[in-house]
Amino acid sequence: MAIAQRPVYLDDKAPIEQRVEDALARMTLDEKIAVIHAQSKFSSPGVKRLGLPDFWTDDGPHGVRPDVLWDEWEQAGQTNDSCVAFPALTCLAASWNPVLAELYGRSLGEEARYRGKDMILGPGVNINRTPLNGRNFEYMGEDPLLASRIVVPYVKGLQSTGTAACVKHFCLNNDEEYRHQVNVIVSDRALREIYLPAFEAAVKEGHAWGIMGAYNSYKNQHNCHNDILLNQILKGEWKFDGVVVSDWGGAHDTEQAVKNGLDMEFGSWTDGLAWGTSNAYDSYYMALPYKRLIEQGQLSTRELDDKVRRVLRLFFRTTMSKNRAQGFLCSEAHYDAALRIAQDGIVLLQNKQNVLPIQLDHTRRILVVGENAIKMMTVGGGSSSLKAQHEILPLDGLKARLAGTGIEVDYARGYVGDTTGNYNGVTTGQSLADPRPADVLIAEAVAKAKDADYVIIFGGLNKSDYQDAEGHDRKHMDMPYGQDALVEALARVNKNVVFVNISGDAVAMPWRGKVAAIVQGWFIGSETGKALASVLVGDVNPSGKLPFTWPEKLNDVAAHALGTYPGTWREGNKTIDEEYKEGIYVGYRWADKQKRKPAFAFGHGLSYTTFAVSNLRIDNREVAADGTVTATVTVKNTGSRAGAEVIQLYVSDHNKTVDMPVKELRGFQKVTLQPGESRDVSITIGGRAFQYWDETNGGWKTSLGKRTMLVGTASDNLPLKATFTVR
Ligand code: BGC
């Protein structure tokens, strides 16, 4: 009897494109239609007849989201879906550490594998254009180069486990409040130079297998089916061969979805967060309505076959890959990764008279103040909410670290805080336990602060609506719950006040000059308390650097100074035009242009040791347009502790005929040095670093002429200079 030949699509030695074509040829119209849209809140069907498994997605981006019910947003109540919560992506970006970004992606991918998820809905790389954006904490800051250098290893690490990345939200989704109504108006140059590079790097260098369209529109077309963005740029110019996934409920029209580049439709008639129409899957834009148009001869199967090819390619990369391992959930290695990333990303913003690290030998009593010392932050914030197997809270982490030292750790709440504190059935604070009014809470904290050696306030924001949370923006930059009055009162009675700011974004700190130290503690996941304690007592020397400019006030931000946010309503309040009038002048590019000194500059972050950066050498003063220039500096740890510094290289382009930012980040490198150790650090730039987007001809163009290279350790601390010319 002849042995049946193994079909090509099942032969994992066969080239992937052959397998795709073979599987495609075997599929019926119904099967093709089925694989391009959801069958439940987070899954889409495979092809059972052909042995292609269902495809499971899950948020993202900070850990693997707990399972929800098949067709509801409610948690399914599984007992095996607690995860490691990794630090939020702002913290990862603040590490300026691509090695840890790879570790992050890989660890997350291993967790996803164990949980049976084939695609993580992340990472997010929308640019921080306004500090009000409720979702900046899920993104990688304001600078396209920094975000690019972090997203690529994250994607590679994640996908090395056979789990697809779904880089989101493509694109121009830079605020939340009207994300479904916003139509962004932006210059081509700003689009190309500021908003697209991180996506482009994720596609071209990271080889991302998925991209998620954004809710908002560009040129009056929804970004989940946007001809320019998806067909022309992503798939045309960048040759993206993966799938475009809609954001949950981001598809709005069958014909546009078919023709304008959407490949997999999810969450139609849901808001991605709380509500959704039941069992609507057959009515999805790319389900029966699409099939009918094909059957009636109004559409051919040309677009359908392209979508299915992409989906099949995704299957062969993930569910059909024999190489992927089973993965681990909550392994020691994953906790260790979460801890290291957190420690690497915490930013020491201010440290007067070296008040930090805490001098354990000379300390009797520490007063901890603030709701954020006792509040869970892995829960809430929208789709990135997690069910962490554990989350060490700041107060607990500090107490654990100081156990056995004889140092007394006292606590005062200090402000009322979040009185709702409930998200998806989880209570995130002990808010209701303390009903005393604000002045009583402040008085209690002040009384306790008087004889404390240190007062450590854990304050800032939380994951409630209108703070760091999806679906809304903050209404202002001020800290909630009257924290300013508390800080002022404590600073009056104690000179060693340390403010640990828990947030994903900048907040106004009118009392900044009155406290001794400020630490940016982000949302750092499972190991929060441990990581913060290790930095506060000096077990770990902080080395994080701000991935965005920390403005003094809202009006120092271009989007607000120019009155462009949230935009102008039209069509009976259906659409809001948001014109990015500042163009490329986002973040430090705007601060530089306006000569506006921020509270803390982009790239700023202090250390417990000191570094000297000297002797800038460049290998090439006359560089060809397609050449490179390498800068080398000597970095020395001149203090008495080991530490890491981020060498940052910016370039000023003196082109007089094209509008150029004062300077732009073009390269960086993090280096760890022992006390007294010195090392040469080299950074090479070229290619895009010499180009700008030419609006007139619609393409990248080399800017010829003189440049100044500026090297140092923060965007406002660049003492070394060298000039070169691009010819
Ligand atoms: C969010 C996405 C998320 C999706 C699924 C949407 O509301 O915008 O980022 O991946 O829901 O949860």
# chains A, B, ... in the order shown; residues from 1 in each chain; ligands from 1
>>> residues_near_ligand(ligand="ligand 1", cutoff="9 Å", atoms="only C-alpha atoms and all ligand atoms", output="ChimeraX atom specification")
/A:41-42,57-61,65,120-122,124,166,168-169,212,214-215,246-250,266-267,270-274,382-384,470-471
>>> residues_around(residues="Gly583 in chain A", least_positions_apart="6", cutoff="8 Å", atoms="only C-alpha atoms", output="JSON list (two decimals) with N, CA and C atoms, in the first residue's frame")
[["chain", "number", "residue", "atom", "x", "y", "z"],
["A", 186, "VAL", "N", -1.26, 65.99, 10.56],
["A", 186, "VAL", "CA", 0.16, 66.09, 10.91],
["A", 186, "VAL", "C", 0.97, 66.22, 9.63],
["A", 187, "SER", "N", 2.07, 66.91, 9.71],
["A", 187, "SER", "CA", 2.91, 67.04, 8.51],
["A", 187, "SER", "C", 3.54, 65.69, 8.20],
["A", 189, "ARG", "N", 6.50, 65.25, 7.46],
["A", 189, "ARG", "CA", 7.82, 65.19, 8.09],
["A", 189, "ARG", "C", 7.71, 64.71, 9.54],
["A", 190, "ALA", "N", 6.76, 65.26, 10.28],
["A", 190, "ALA", "CA", 6.60, 64.82, 11.68],
["A", 190, "ALA", "C", 6.15, 63.36, 11.72]]
>>> residues_around(residues="Met27 in chain A", least_positions_apart="6", cutoff="10 Å", atoms="only C-alpha atoms", output="compact mmCIF listing (two decimals) with C-alpha atoms, in the first residue's frame")
# COMPACT_ATOMS: atom_id res chain seq x y z
CA ILE A 33 -13.40 34.12 6.03
CA VAL A 47 -8.79 25.46 10.36
CA ARG A 49 -10.20 20.26 9.06
CA LEU A 50 -6.58 20.93 8.16
CA VAL A 308 -5.24 34.62 4.52
>>> select_by_dssp(residues="range 3-102 of chain A", states="strand (DSSP E or B)", output="list in words")
His37, Ser43, Ser44, Val47, Leu52, Phe55, Trp56, Thr57, Asp58, Val68, Gln75 and Cys83 of chain A
>>> closest_residue(among="A:Phe170, A:Tyr178, A:Tyr423, A:Trp209", to="Thr318 in chain A", atoms="only C-alpha atoms")
A:Trp209
>>> closest_atom_pairs(of="range 106-185 of chain A", to="range 220-235 of chain A", cutoff="12 Å", atoms="only C-alpha atoms", output="Markdown table")
| residue | atom | partner | partner_atom | distance |
| --- | --- | --- | --- | --- |
| A:Lys168 | CA | A:Cys224 | CA | 11.0 |
| A:His169 | CA | A:Asn223 | CA | 9.0 |
| A:Phe170 | CA | A:Asn223 | CA | 7.0 |
| A:Cys171 | CA | A:Asn223 | CA | 7.1 |
| A:Leu172 | CA | A:Asn223 | CA | 8.8 |
| A:Asn173 | CA | A:Asn223 | CA | 9.3 |
| A:Arg179 | CA | A:His222 | CA | 10.6 |
| A:His180 | CA | A:His222 | CA | 8.7 |
| A:Gln181 | CA | A:His222 | CA | 9.3 |
| A:Val182 | CA | A:Asn220 | CA | 9.0 |
| A:Asn183 | CA | A:Asn220 | CA | 5.9 |
| A:Val184 | CA | A:Asn220 | CA | 8.1 |
| A:Ile185 | CA | A:Asn220 | CA | 9.0 |
>>> write_last_selection(atoms="C-alpha atoms", output="compact mmCIF listing (two decimals), in the first residue's frame")
# COMPACT_ATOMS: atom_id res chain seq x y z
CA LYS A 168 0.56 49.06 18.75
CA HIS A 169 -1.24 51.39 18.12
CA PHE A 170 -0.38 52.17 14.51
CA CYS A 171 -0.31 55.13 14.59
CA LEU A 172 -0.78 58.71 15.84
CA ASN A 173 -2.74 57.43 18.84
CA ARG A 179 -9.37 58.14 20.62
CA HIS A 180 -12.36 56.98 18.61
CA GLN A 181 -13.14 60.44 17.25
CA VAL A 182 -9.73 62.02 16.70
CA ASN A 183 -8.64 62.71 13.16
CA VAL A 184 -4.97 63.60 13.28
CA ILE A 185 -3.61 66.26 10.98
>>> residues_around(residues="Gln359 in chain A", least_positions_apart="3", cutoff="12 Å", atoms="only C-alpha atoms", output="PDB file with all heavy atoms, in the first residue's frame")
ATOM      1  N   ASN A 354      23.205  64.677  48.700  1.00  0.00           N
ATOM      2  CA  ASN A 354      23.282  63.203  48.725  1.00  0.00           C
ATOM      3  C   ASN A 354      22.480  62.596  49.868  1.00  0.00           C
ATOM      4  O   ASN A 354      22.967  61.730  50.592  1.00  0.00           O
ATOM      5  CB  ASN A 354      24.738  62.739  48.800  1.00  0.00           C
ATOM      6  CG  ASN A 354      25.506  63.143  47.554  1.00  0.00           C
ATOM      7  OD1 ASN A 354      24.929  63.199  46.460  1.00  0.00           O
ATOM      8  ND2 ASN A 354      26.770  63.456  47.699  1.00  0.00           N
ATOM      9  N   VAL A 355      21.265  63.066  49.997  1.00  0.00           N
ATOM     10  CA  VAL A 355      20.431  62.537  51.087  1.00  0.00           C
ATOM     11  C   VAL A 355      20.176  61.040  50.884  1.00  0.00           C
ATOM     12  O   VAL A 355      20.057  60.282  51.843  1.00  0.00           O
ATOM     13  CB  VAL A 355      19.126  63.357  51.210  1.00  0.00           C
ATOM     14  CG1 VAL A 355      18.249  63.172  49.992  1.00  0.00           C
ATOM     15  CG2 VAL A 355      18.366  62.984  52.466  1.00  0.00           C
ATOM     16  N   LEU A 356      20.125  60.613  49.651  1.00  0.00           N
ATOM     17  CA  LEU A 356      20.052  59.184  49.348  1.00  0.00           C
ATOM     18  C   LEU A 356      21.442  58.717  48.934  1.00  0.00           C
ATOM     19  O   LEU A 356      22.208  59.512  48.382  1.00  0.00           O
ATOM     20  CB  LEU A 356      19.050  58.919  48.215  1.00  0.00           C
ATOM     21  CG  LEU A 356      17.581  59.085  48.575  1.00  0.00           C
ATOM     22  CD1 LEU A 356      16.714  58.855  47.335  1.00  0.00           C
ATOM     23  CD2 LEU A 356      17.150  58.134  49.687  1.00  0.00           C
ATOM     24  N   HIS A 362      23.146  55.322  60.473  1.00  0.00           N
ATOM     25  CA  HIS A 362      22.787  56.509  61.263  1.00  0.00           C
ATOM     26  C   HIS A 362      21.286  56.716  61.322  1.00  0.00           C
ATOM     27  O   HIS A 362      20.830  57.831  61.508  1.00  0.00           O
ATOM     28  CB  HIS A 362      23.458  57.745  60.660  1.00  0.00           C
ATOM     29  CG  HIS A 362      24.948  57.640  60.625  1.00  0.00           C
ATOM     30  ND1 HIS A 362      25.642  57.352  59.483  1.00  0.00           N
ATOM     31  CD2 HIS A 362      25.852  57.718  61.629  1.00  0.00           C
ATOM     32  CE1 HIS A 362      26.935  57.277  59.776  1.00  0.00           C
ATOM     33  NE2 HIS A 362      27.087  57.492  61.069  1.00  0.00           N
ATOM     34  N   THR A 363      20.538  55.672  61.093  1.00  0.00           N
ATOM     35  CA  THR A 363      19.085  55.834  61.029  1.00  0.00           C
ATOM     36  C   THR A 363      18.400  55.027  62.129  1.00  0.00           C
ATOM     37  O   THR A 363      18.710  53.858  62.337  1.00  0.00           O
ATOM     38  CB  THR A 363      18.576  55.374  59.650  1.00  0.00           C
ATOM     39  OG1 THR A 363      19.242  56.153  58.654  1.00  0.00           O
ATOM     40  CG2 THR A 363      17.077  55.571  59.516  1.00  0.00           C
ATOM     41  N   ARG A 364      17.493  55.703  62.775  1.00  0.00           N
ATOM     42  CA  ARG A 364      16.704  55.057  63.837  1.00  0.00           C
ATOM     43  C   ARG A 364      15.280  54.793  63.353  1.00  0.00           C
ATOM     44  O   ARG A 364      14.696  53.776  63.602  1.00  0.00           O
ATOM     45  CB  ARG A 364      16.580  56.039  65.015  1.00  0.00           C
ATOM     46  CG  ARG A 364      17.417  55.871  66.215  1.00  0.00           C
ATOM     47  CD  ARG A 364      17.142  57.009  67.212  1.00  0.00           C
ATOM     48  NE  ARG A 364      16.725  58.267  66.624  1.00  0.00           N
ATOM     49  CZ  ARG A 364      15.484  58.750  66.640  1.00  0.00           C
ATOM     50  NH1 ARG A 364      14.513  58.101  67.239  1.00  0.00           N
ATOM     51  NH2 ARG A 364      15.189  59.906  66.052  1.00  0.00           N
ATOM     52  N   ARG A 365      14.746  55.823  62.665  1.00  0.00           N
ATOM     53  CA  ARG A 365      13.318  55.782  62.369  1.00  0.00           C
ATOM     54  C   ARG A 365      13.049  56.322  60.974  1.00  0.00           C
ATOM     55  O   ARG A 365      13.554  57.395  60.612  1.00  0.00           O
ATOM     56  CB  ARG A 365      12.600  56.692  63.368  1.00  0.00           C
ATOM     57  CG  ARG A 365      11.379  56.073  63.938  1.00  0.00           C
ATOM     58  CD  ARG A 365      10.653  56.977  64.891  1.00  0.00           C
ATOM     59  NE  ARG A 365       9.299  57.020  64.390  1.00  0.00           N
ATOM     60  CZ  ARG A 365       8.710  58.074  63.899  1.00  0.00           C
ATOM     61  NH1 ARG A 365       9.320  59.229  63.871  1.00  0.00           N
ATOM     62  NH2 ARG A 365       7.491  57.975  63.435  1.00  0.00           N
ATOM     63  N   ILE A 366      12.261  55.602  60.204  1.00  0.00           N
ATOM     64  CA  ILE A 366      11.855  56.085  58.884  1.00  0.00           C
ATOM     65  C   ILE A 366      10.338  56.171  58.872  1.00  0.00           C
ATOM     66  O   ILE A 366       9.659  55.222  59.277  1.00  0.00           O
ATOM     67  CB  ILE A 366      12.341  55.120  57.778  1.00  0.00           C
ATOM     68  CG1 ILE A 366      13.876  55.123  57.714  1.00  0.00           C
ATOM     69  CG2 ILE A 366      11.746  55.495  56.417  1.00  0.00           C
ATOM     70  CD1 ILE A 366      14.451  54.137  56.722  1.00  0.00           C
ATOM     71  N   LEU A 402      14.625  46.283  55.628  1.00  0.00           N
ATOM     72  CA  LEU A 402      15.198  46.839  56.853  1.00  0.00           C
ATOM     73  C   LEU A 402      15.046  45.907  58.049  1.00  0.00           C
ATOM     74  O   LEU A 402      15.518  46.226  59.150  1.00  0.00           O
ATOM     75  CB  LEU A 402      14.558  48.204  57.148  1.00  0.00           C
ATOM     76  CG  LEU A 402      14.827  49.264  56.069  1.00  0.00           C
ATOM     77  CD1 LEU A 402      14.142  50.575  56.415  1.00  0.00           C
ATOM     78  CD2 LEU A 402      16.323  49.484  55.866  1.00  0.00           C
ATOM     79  N   THR A 405      17.635  45.317  61.052  1.00  0.00           N
ATOM     80  CA  THR A 405      18.596  46.427  61.185  1.00  0.00           C
ATOM     81  C   THR A 405      18.329  47.241  62.451  1.00  0.00           C
ATOM     82  O   THR A 405      19.120  48.113  62.805  1.00  0.00           O
ATOM     83  CB  THR A 405      18.486  47.419  60.000  1.00  0.00           C
ATOM     84  OG1 THR A 405      17.137  47.916  59.972  1.00  0.00           O
ATOM     85  CG2 THR A 405      18.824  46.768  58.676  1.00  0.00           C
ATOM     86  N   ILE A 407      16.051  49.388  62.569  1.00  0.00           N
ATOM     87  CA  ILE A 407      15.421  50.655  62.152  1.00  0.00           C
ATOM     88  C   ILE A 407      13.900  50.488  62.200  1.00  0.00           C
ATOM     89  O   ILE A 407      13.356  49.518  61.688  1.00  0.00           O
ATOM     90  CB  ILE A 407      15.867  51.052  60.726  1.00  0.00           C
ATOM     91  CG1 ILE A 407      17.379  51.259  60.697  1.00  0.00           C
ATOM     92  CG2 ILE A 407      15.128  52.291  60.242  1.00  0.00           C
ATOM     93  CD1 ILE A 407      17.966  51.464  59.309  1.00  0.00           C
ATOM     94  N   ASP A 453      14.124  60.190  60.897  1.00  0.00           N
ATOM     95  CA  ASP A 453      15.374  60.518  60.213  1.00  0.00           C
ATOM     96  C   ASP A 453      15.121  60.770  58.723  1.00  0.00           C
ATOM     97  O   ASP A 453      15.773  61.600  58.109  1.00  0.00           O
ATOM     98  CB  ASP A 453      16.383  59.377  60.378  1.00  0.00           C
ATOM     99  CG  ASP A 453      16.742  59.174  61.838  1.00  0.00           C
ATOM    100  OD1 ASP A 453      17.235  60.137  62.456  1.00  0.00           O
ATOM    101  OD2 ASP A 453      16.462  58.088  62.371  1.00  0.00           O
ATOM    102  N   TYR A 454      14.215  60.011  58.177  1.00  0.00           N
ATOM    103  CA  TYR A 454      13.812  60.212  56.772  1.00  0.00           C
ATOM    104  C   TYR A 454      12.292  60.127  56.677  1.00  0.00           C
ATOM    105  O   TYR A 454      11.675  59.321  57.379  1.00  0.00           O
ATOM    106  CB  TYR A 454      14.363  59.102  55.857  1.00  0.00           C
ATOM    107  CG  TYR A 454      15.861  59.066  55.719  1.00  0.00           C
ATOM    108  CD1 TYR A 454      16.630  58.338  56.622  1.00  0.00           C
ATOM    109  CD2 TYR A 454      16.497  59.726  54.672  1.00  0.00           C
ATOM    110  CE1 TYR A 454      18.011  58.286  56.493  1.00  0.00           C
ATOM    111  CE2 TYR A 454      17.874  59.671  54.533  1.00  0.00           C
ATOM    112  CZ  TYR A 454      18.629  58.954  55.446  1.00  0.00           C
ATOM    113  OH  TYR A 454      19.984  58.890  55.301  1.00  0.00           O
ATOM    114  N   ASN A 496      14.786  65.807  55.469  1.00  0.00           N
ATOM    115  CA  ASN A 496      15.122  64.626  54.663  1.00  0.00           C
ATOM    116  C   ASN A 496      13.879  63.987  54.035  1.00  0.00           C
ATOM    117  O   ASN A 496      13.612  62.806  54.211  1.00  0.00           O
ATOM    118  CB  ASN A 496      15.856  63.586  55.512  1.00  0.00           C
ATOM    119  CG  ASN A 496      17.258  64.043  55.861  1.00  0.00           C
ATOM    120  OD1 ASN A 496      17.805  64.938  55.199  1.00  0.00           O
ATOM    121  ND2 ASN A 496      17.838  63.470  56.889  1.00  0.00           N
ATOM    122  N   LEU A 536      16.594  52.779  47.305  1.00  0.00           N
ATOM    123  CA  LEU A 536      16.564  53.758  48.402  1.00  0.00           C
ATOM    124  C   LEU A 536      17.697  53.529  49.401  1.00  0.00           C
ATOM    125  O   LEU A 536      18.279  54.475  49.919  1.00  0.00           O
ATOM    126  CB  LEU A 536      15.206  53.716  49.122  1.00  0.00           C
ATOM    127  CG  LEU A 536      14.019  54.234  48.292  1.00  0.00           C
ATOM    128  CD1 LEU A 536      12.698  53.937  48.986  1.00  0.00           C
ATOM    129  CD2 LEU A 536      14.151  55.741  48.034  1.00  0.00           C
ATOM    130  N   VAL A 537      18.014  52.266  49.669  1.00  0.00           N
ATOM    131  CA  VAL A 537      19.091  52.010  50.646  1.00  0.00           C
ATOM    132  C   VAL A 537      20.454  51.886  49.971  1.00  0.00           C
ATOM    133  O   VAL A 537      21.465  51.754  50.652  1.00  0.00           O
ATOM    134  CB  VAL A 537      18.829  50.751  51.506  1.00  0.00           C
ATOM    135  CG1 VAL A 537      17.469  50.828  52.189  1.00  0.00           C
ATOM    136  CG2 VAL A 537      18.945  49.476  50.686  1.00  0.00           C
ATOM    137  N   GLY A 538      20.486  51.889  48.653  1.00  0.00           N
ATOM    138  CA  GLY A 538      21.780  51.885  47.964  1.00  0.00           C
ATOM    139  C   GLY A 538      22.337  50.510  47.639  1.00  0.00           C
ATOM    140  O   GLY A 538      23.492  50.392  47.242  1.00  0.00           O
ATOM    141  N   ASP A 539      21.529  49.457  47.799  1.00  0.00           N
ATOM    142  CA  ASP A 539      22.005  48.141  47.326  1.00  0.00           C
ATOM    143  C   ASP A 539      22.191  48.204  45.820  1.00  0.00           C
ATOM    144  O   ASP A 539      23.040  47.521  45.252  1.00  0.00           O
ATOM    145  CB  ASP A 539      20.979  47.037  47.634  1.00  0.00           C
ATOM    146  CG  ASP A 539      20.736  46.878  49.117  1.00  0.00           C
ATOM    147  OD1 ASP A 539      21.613  47.287  49.909  1.00  0.00           O
ATOM    148  OD2 ASP A 539      19.662  46.359  49.498  1.00  0.00           O
TER     149      ASP A 539
END
>>> closest_residue(among="A:Ala559, A:Val498, A:Val711, A:Leu367", to="Asn351 in chain A", atoms="only C-alpha atoms")
A:Val498
>>> closest_residue(among="A:Gln256, A:Gly105, A:Glu193, A:Leu704", to="Gly206 in chain A", atoms="only C-alpha atoms")
A:Gly105
>>> closest_atom_pairs(of="range 336-436 of chain A", to="range 329-332 of chain A", cutoff="9 Å", atoms="only C-alpha atoms", output="Markdown table")
| residue | atom | partner | partner_atom | distance |
| --- | --- | --- | --- | --- |
| A:Asp336 | CA | A:Glu332 | CA | 6.0 |
| A:Ala337 | CA | A:Glu332 | CA | 8.5 |
| A:Gln389 | CA | A:Cys330 | CA | 7.4 |
>>> closest_atom_pairs(of="range 327-379 of chain A", to="range 75-91 of chain A", cutoff="10 Å", atoms="only C-alpha atoms", output="tab-separated table")
residue	atom	partner	partner_atom	distance
A:Phe328	CA	A:Cys83	CA	9.9
A:Leu329	CA	A:Cys83	CA	6.4
A:Cys330	CA	A:Val84	CA	5.4
A:Ser331	CA	A:Val84	CA	8.3
A:Glu332	CA	A:Val84	CA	9.7
A:His334	CA	A:Val84	CA	6.9
A:Tyr335	CA	A:Val84	CA	6.5
A:Ala337	CA	A:Phe86	CA	8.0
A:Ala338	CA	A:Phe86	CA	4.9
A:Leu339	CA	A:Phe86	CA	8.1
A:Arg340	CA	A:Pro87	CA	9.7
A:Ile341	CA	A:Pro87	CA	6.9
A:Ala342	CA	A:Pro87	CA	5.9
A:Gln343	CA	A:Cys91	CA	9.2
A:Asp344	CA	A:Cys91	CA	8.2
A:Gly345	CA	A:Cys91	CA	4.8
A:Ile346	CA	A:Cys91	CA	6.8
A:Val347	CA	A:Cys91	CA	8.8
A:Met377	CA	A:Ala85	CA	9.8
A:Thr378	CA	A:Ala85	CA	6.7
A:Val379	CA	A:Ala85	CA	9.7
>>> write_last_selection(atoms="N, CA and C atoms", output="compact mmCIF listing (two decimals), in the first residue's frame")
# COMPACT_ATOMS: atom_id res chain seq x y z
N PHE A 328 7.33 28.98 30.62
CA PHE A 328 7.23 28.90 32.08
C PHE A 328 6.34 30.03 32.54
N LEU A 329 5.68 29.81 33.65
CA LEU A 329 4.90 30.89 34.25
C LEU A 329 5.48 31.15 35.64
N CYS A 330 5.70 32.41 35.93
CA CYS A 330 6.15 32.79 37.28
C CYS A 330 7.42 32.05 37.70
N SER A 331 8.36 31.93 36.80
CA SER A 331 9.61 31.27 37.17
C SER A 331 10.49 32.26 37.94
N GLU A 332 11.45 31.73 38.65
CA GLU A 332 12.41 32.60 39.36
C GLU A 332 13.12 33.52 38.38
N HIS A 334 11.98 34.76 35.67
CA HIS A 334 11.12 35.87 35.25
C HIS A 334 11.02 36.93 36.34
N TYR A 335 10.94 36.49 37.60
CA TYR A 335 10.94 37.48 38.69
C TYR A 335 12.25 38.24 38.71
N ALA A 337 14.16 38.83 36.16
CA ALA A 337 14.15 39.77 35.04
C ALA A 337 13.33 41.00 35.40
N ALA A 338 12.14 40.77 35.98
CA ALA A 338 11.28 41.90 36.35
C ALA A 338 12.00 42.82 37.33
N LEU A 339 12.70 42.23 38.27
CA LEU A 339 13.42 43.01 39.28
C LEU A 339 14.55 43.82 38.65
N ARG A 340 15.33 43.15 37.80
CA ARG A 340 16.47 43.85 37.18
C ARG A 340 16.01 45.01 36.31
N ILE A 341 14.94 44.79 35.57
CA ILE A 341 14.44 45.85 34.69
C ILE A 341 13.95 47.03 35.53
N ALA A 342 13.24 46.69 36.61
CA ALA A 342 12.75 47.75 37.50
C ALA A 342 13.92 48.54 38.07
N GLN A 343 14.93 47.83 38.56
CA GLN A 343 16.07 48.51 39.18
C GLN A 343 16.84 49.36 38.16
N ASP A 344 16.86 48.89 36.94
CA ASP A 344 17.60 49.60 35.90
C ASP A 344 16.86 50.84 35.40
N GLY A 345 15.53 50.85 35.60
CA GLY A 345 14.74 51.95 35.03
C GLY A 345 14.35 53.03 36.03
N ILE A 346 14.49 52.75 37.32
CA ILE A 346 14.15 53.76 38.33
C ILE A 346 15.07 54.96 38.14
N VAL A 347 14.49 56.16 38.17
CA VAL A 347 15.29 57.36 37.89
C VAL A 347 15.41 58.22 39.15
N MET A 377 -0.62 48.34 42.00
CA MET A 377 -0.60 49.08 40.74
C MET A 377 -0.56 48.17 39.53
N THR A 378 -0.52 46.86 39.76
CA THR A 378 -0.53 45.97 38.59
C THR A 378 -1.96 45.77 38.11
N VAL A 379 -2.90 46.21 38.93
CA VAL A 379 -4.31 46.08 38.59
C VAL A 379 -4.84 47.45 38.18
